[in-house]
Structure formats: structure tokens, C-alpha cells
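One structure is given here, and the rest of the page talks about it.
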Amino acid sequence: MKKLTAIKDLKDKSKEIRISIIKMLNSAGSGHPGGSLGLADIFTSLYFNILNHNPKKPDWEKRDRLILSNGHVCPVRYAAMAHSGYFPINELMTLRKLNSRLQGHPSRIDLPGLELSTASLGQGLGAAVGMALAAKLDKKKHTVYCITSDGEHDEGSTWEAVNAAAKYKLGNIINIIDRNHVQISGFTQDVWPLGSLKEGYEGMGWKVFEINGHDFKQIISTIKKAKKVNGPVCIVAYTILGKGVSFMEYQPKWHGVAPDDEHMERALLEIKK
């Protein structure tokens, strides 16, 4: 697949992905718009510039692995996959429908191109660490990327995985944290204060970068730096919940409420501008 290198092209593609997210969630009548919109720029960067992958051969042995630990934001991944050629774009409208391959959380059995079925928060990073360790033992060269939410850092299992990656000196894993400060119950500082994620990861031996999760230059250049680090890397990506739709931005209520027809039209108008 041809990579997009121009920032304008990446911005245009992320706009297409945001439009698809709004339409598919409206059609489904349920789902999670806030985090999906917030991660659109990161997923655009991954699928159209960073990942070593082949949409026509989703099980290609040399592909990079991508784990979406916070599986409820799968609309952004489905949209990125469809727009990059894994399946027809019109299939996005089957999200959460009976017999659809596009389940409300990623199902590896149903959809080629997924590495792991995810739903229970706090488990994705552990699986990613296991994949990275296996690749290291087998002397394989691919990179394992994991997307995690800030809210799932409430889970002890996440921190056990952080510790394990440092112990085994895994230089082939990059964890990107969606740091939007919101989880289903409200703002993270009110639900379960996390302190400095940067300091937490550094204290366990990870190299940490902090970026604006909507700046394509930062996203791409930082991941290039990360791939040169001899050890596990965490990228704390500061994002805006509901990015691109003003009435959704920063609003916890849009964590898991699909837009009705009126909200969809308002959202599409804003995104298209």
C-alpha cells in the first residue's frame, strides 16, 4: 500500500475516517464516538504511514502487530482498515448489526487483520508484551504496537505488563496511551487519579515520549525515534475526546452515546468544514 507522506493528505484521510465514524455509529444506534474521534489522527498515521502491513494479505508473516486494548473505540480502527483496503467501505454501516464482522468490540475470529479480540480493559498490553517477547525469542523483526486508554491504567494488570516488558528488555514494543483524561465514569482525576504516566513508566524502565496526539508531524517523527530505542517505549499522546466535533469535545457523556440523526448532521457539517 502506498504511504501518505504529505500532511495535507493525512489530514484529508483523517477527515474521511471521522466522517465514517459518525455515520457508522449513527447507523448502529450505539457505540463509542468520543474516543474513536480522538484517536482518528493516530490511526490515520498508523495505517497510512507507519505500519508495515498489507491489506490484501492481512496474515502476512512480516507485518507489524497492532493491538487495540481499549476495544470499545473499534469504530476508528474499522474505519482506518476499510479506508486502507482491508474490506469495502460500505461494510462499515454494518457495525454492531446481526451477523456483521464488525462487532461492538474487535473479534479476531470474525475479521481478518485483527491480532486480538479485546473488550475487558487492562488486558491488551499484557498480550502485546507476550507477542513482543515471542518475536524477540524467534528473532523476528516486526514491531508490536499497542493502543491503551488512560482509564485502563487503573488496572493492576496493566502495570504488571509494564514491569514485564522492562524485565525482558523488549525493544520491539511501543505502547501509545490515549491520554484524553476521560473514562466512562467521568474525568480520570475524579475516578482514579493516575498522577504522571510519564514518571510511572520511566520508573519501571521504559523510554517515554509525550506528544500532541493530533499533530501528524509529532506522531510520525516520535514513532520513528521510538523504533530506534533499545528497550520498551511508551508514547503518551494527549488527545481530545470527540476531536473535530465541538459539542462532543471534552464531554464525558459522549464516551459511549451514539449520535442521533440531528447530532449526526451537526457533526458532519463541522467535520467537513
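Ordered as shown in the C-alpha cells, chains take letters A, B, and onward, while each chain numbers its residues from 1 and ligands are numbered from 1 in the order shown.
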List the neighbours of Met24 of chain A out to 8 Å using only C-alpha atoms; skip same-chain residues closer than 2 positions along the sequence, and give me the result as a ChimeraX atom specification. /A:20-22,26-28,75,92-95
Among segment 153-189 of chain A, which residues carry a DSSP assignment of alpha helix (DSSP H), reported as a CSV table (one decimal) with C-alpha atoms, in the first residue's frame?
```csv
chain,number,residue,atom,x,y,z
A,156,GLY,CA,-3.1,-3.6,38.1
A,157,SER,CA,-2.7,-6.0,35.2
A,158,THR,CA,-1.6,-3.1,33.0
A,159,TRP,CA,1.3,-2.2,35.4
A,160,GLU,CA,2.3,-5.9,35.6
A,161,ALA,CA,2.7,-5.9,31.8
A,162,VAL,CA,4.7,-2.6,32.0
A,163,ASN,CA,7.0,-4.3,34.5
A,164,ALA,CA,7.4,-7.5,32.4
A,165,ALA,CA,8.3,-5.5,29.2
A,166,ALA,CA,11.2,-3.8,31.1
A,167,LYS,CA,12.4,-7.1,32.7
A,188,THR,CA,-9.8,10.3,35.2
A,189,GLN,CA,-8.6,12.6,38.0
```
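Ranking A:Ile19, A:Leu37, A:Leu241, A:Ala80 by their shortest atom-to-atom distance to Gly186 of chain A, with only C-alpha atoms included, puts A:Leu241 first.
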Would you please extract all strand (DSSP E or B) residues from segment 42-199 of chain A, as assigned by DSSP on the backbone, and give them as an NGL selection string? :A and (65-68 or 144-149 or 173-179 or 182-183 or 186-187)
Would you mind exporting the chosen residues as an mmCIF file, in the first residue's frame, restricted to N, CA and C atoms?
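Produced file result.cif, reproduced below:
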```
data_model
loop_
_atom_site.group_PDB
_atom_site.id
_atom_site.type_symbol
_atom_site.label_atom_id
_atom_site.label_comp_id
_atom_site.auth_asym_id
_atom_site.auth_seq_id
_atom_site.Cartn_x
_atom_site.Cartn_y
_atom_site.Cartn_z
ATOM 1 N N ARG A 65 2.436 -5.861 14.287
ATOM 2 C CA ARG A 65 1.231 -6.224 15.030
ATOM 3 C C ARG A 65 0.673 -4.982 15.718
ATOM 4 N N LEU A 66 -0.650 -4.844 15.672
ATOM 5 C CA LEU A 66 -1.315 -3.713 16.318
ATOM 6 C C LEU A 66 -2.433 -4.234 17.210
ATOM 7 N N ILE A 67 -2.312 -3.958 18.498
ATOM 8 C CA ILE A 67 -3.313 -4.362 19.485
ATOM 9 C C ILE A 67 -4.078 -3.122 19.928
ATOM 10 N N LEU A 68 -5.394 -3.176 19.842
ATOM 11 C CA LEU A 68 -6.244 -2.100 20.373
ATOM 12 C C LEU A 68 -6.794 -2.580 21.708
ATOM 13 N N VAL A 144 5.630 -4.521 17.629
ATOM 14 C CA VAL A 144 4.311 -4.701 18.231
ATOM 15 C C VAL A 144 3.856 -3.350 18.782
ATOM 16 N N TYR A 145 2.770 -2.829 18.237
ATOM 17 C CA TYR A 145 2.185 -1.580 18.718
ATOM 18 C C TYR A 145 0.961 -1.909 19.566
ATOM 19 N N CYS A 146 0.804 -1.194 20.664
ATOM 20 C CA CYS A 146 -0.378 -1.370 21.496
ATOM 21 C C CYS A 146 -0.988 -0.001 21.768
ATOM 22 N N ILE A 147 -2.300 0.108 21.567
ATOM 23 C CA ILE A 147 -3.021 1.325 21.931
ATOM 24 C C ILE A 147 -3.733 1.050 23.248
ATOM 25 N N THR A 148 -3.473 1.871 24.248
ATOM 26 C CA THR A 148 -4.142 1.716 25.540
ATOM 27 C C THR A 148 -4.834 3.026 25.911
ATOM 28 N N SER A 149 -5.857 2.923 26.745
ATOM 29 C CA SER A 149 -6.518 4.122 27.258
ATOM 30 C C SER A 149 -5.865 4.537 28.564
ATOM 31 N N ILE A 173 8.483 -3.201 21.248
ATOM 32 C CA ILE A 173 7.114 -2.862 21.632
ATOM 33 C C ILE A 173 6.987 -1.357 21.866
ATOM 34 N N ILE A 174 5.910 -0.788 21.334
ATOM 35 C CA ILE A 174 5.597 0.627 21.515
ATOM 36 C C ILE A 174 4.160 0.726 22.016
ATOM 37 N N ASN A 175 3.992 1.261 23.210
ATOM 38 C CA ASN A 175 2.657 1.447 23.776
ATOM 39 C C ASN A 175 2.253 2.909 23.614
ATOM 40 N N ILE A 176 1.149 3.148 22.924
ATOM 41 C CA ILE A 176 0.637 4.507 22.732
ATOM 42 C C ILE A 176 -0.567 4.686 23.643
ATOM 43 N N ILE A 177 -0.464 5.596 24.598
ATOM 44 C CA ILE A 177 -1.554 5.835 25.547
ATOM 45 C C ILE A 177 -2.427 6.976 25.049
ATOM 46 N N ASP A 178 -3.722 6.703 24.938
ATOM 47 C CA ASP A 178 -4.694 7.735 24.578
ATOM 48 C C ASP A 178 -5.003 8.543 25.841
ATOM 49 N N ARG A 179 -4.271 9.621 26.029
ATOM 50 C CA ARG A 179 -4.396 10.415 27.266
ATOM 51 C C ARG A 179 -5.407 11.546 27.042
ATOM 52 N N VAL A 182 -10.420 11.177 30.145
ATOM 53 C CA VAL A 182 -11.832 10.833 30.321
ATOM 54 C C VAL A 182 -12.004 9.321 30.281
ATOM 55 N N GLN A 183 -12.863 8.811 31.152
ATOM 56 C CA GLN A 183 -13.270 7.415 31.081
ATOM 57 C C GLN A 183 -14.781 7.349 31.286
ATOM 58 N N GLY A 186 -16.409 9.385 34.061
ATOM 59 C CA GLY A 186 -16.120 10.812 34.193
ATOM 60 C C GLY A 186 -14.659 11.106 33.912
ATOM 61 N N PHE A 187 -14.143 12.166 34.496
ATOM 62 C CA PHE A 187 -12.741 12.542 34.295
ATOM 63 C C PHE A 187 -11.828 11.652 35.135
#
```
Close residues, segment 249-261 of chain A itself excluded, 9 Å, only C-alpha atoms, min 5 positions apart in chain, as number ranges by chain: A: 22-23, 25-36, 38, 72, 180-187, 240-244, 266-267
Shell around segment 42-50 of chain A at 9 Å using only C-alpha atoms, local window under 6 positions removed, as number ranges by chain: A: 1-5, 10-11, 13-14, 17, 76-77, 80-81, 84, 213-216, 219-220, 223-224, 237
May I have the selected residues written with C-alpha atoms, as a PDB file, in the first residue's frame?
```pdb
ATOM      1  CA  MET A   1       0.000   0.000   0.000  1.00  0.00           C
ATOM      2  CA  LYS A   2       1.300   3.465  -0.902  1.00  0.00           C
ATOM      3  CA  LYS A   3       2.115   5.540   2.156  1.00  0.00           C
ATOM      4  CA  LEU A   4       0.788   9.060   2.667  1.00  0.00           C
ATOM      5  CA  THR A   5       3.618  11.447   3.494  1.00  0.00           C
ATOM      6  CA  LEU A  10      -3.059  12.709   6.124  1.00  0.00           C
ATOM      7  CA  LYS A  11      -5.445  15.408   7.344  1.00  0.00           C
ATOM      8  CA  LYS A  13      -7.747  10.988   5.262  1.00  0.00           C
ATOM      9  CA  SER A  14      -8.410  11.544   8.967  1.00  0.00           C
ATOM     10  CA  ILE A  17     -12.258   8.465   8.839  1.00  0.00           C
ATOM     11  CA  VAL A  76     -11.826   4.196  14.459  1.00  0.00           C
ATOM     12  CA  ARG A  77      -9.902   1.026  13.699  1.00  0.00           C
ATOM     13  CA  ALA A  80      -8.985   3.063   9.128  1.00  0.00           C
ATOM     14  CA  MET A  81      -8.945  -0.554   7.948  1.00  0.00           C
ATOM     15  CA  SER A  84      -6.847   1.391   3.643  1.00  0.00           C
ATOM     16  CA  GLY A 213      -1.949  13.203  19.544  1.00  0.00           C
ATOM     17  CA  HIS A 214      -3.407  15.390  16.781  1.00  0.00           C
ATOM     18  CA  ASP A 215      -0.101  16.613  15.324  1.00  0.00           C
ATOM     19  CA  PHE A 216       0.853  14.351  12.426  1.00  0.00           C
ATOM     20  CA  ILE A 219       3.140  11.378  15.820  1.00  0.00           C
ATOM     21  CA  ILE A 220       5.219  10.136  12.897  1.00  0.00           C
ATOM     22  CA  ILE A 223       7.421   6.764  16.408  1.00  0.00           C
ATOM     23  CA  LYS A 224      10.473   6.845  14.154  1.00  0.00           C
ATOM     24  CA  ALA A 237      -0.450  11.002  23.336  1.00  0.00           C
TER      25      ALA A 237
END
```
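Minimum atom-to-atom distance to Lys273 of chain A, evaluated using only C-alpha atoms, belongs to A:Val245 out of A:Leu114, A:Val245, A:Ala132, A:Leu98.
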Which residue gives the smallest distance to Lys141 of chain A among A:Thr239, A:Asn172, A:Ser196, A:Asn99, with only C-alpha atoms counted? A:Asn172
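Proximity ranking of A:Ala82, A:Leu39, A:Ile271, A:Val191 relative to Asp154 of chain A places A:Val191 first, based on only C-alpha atoms.
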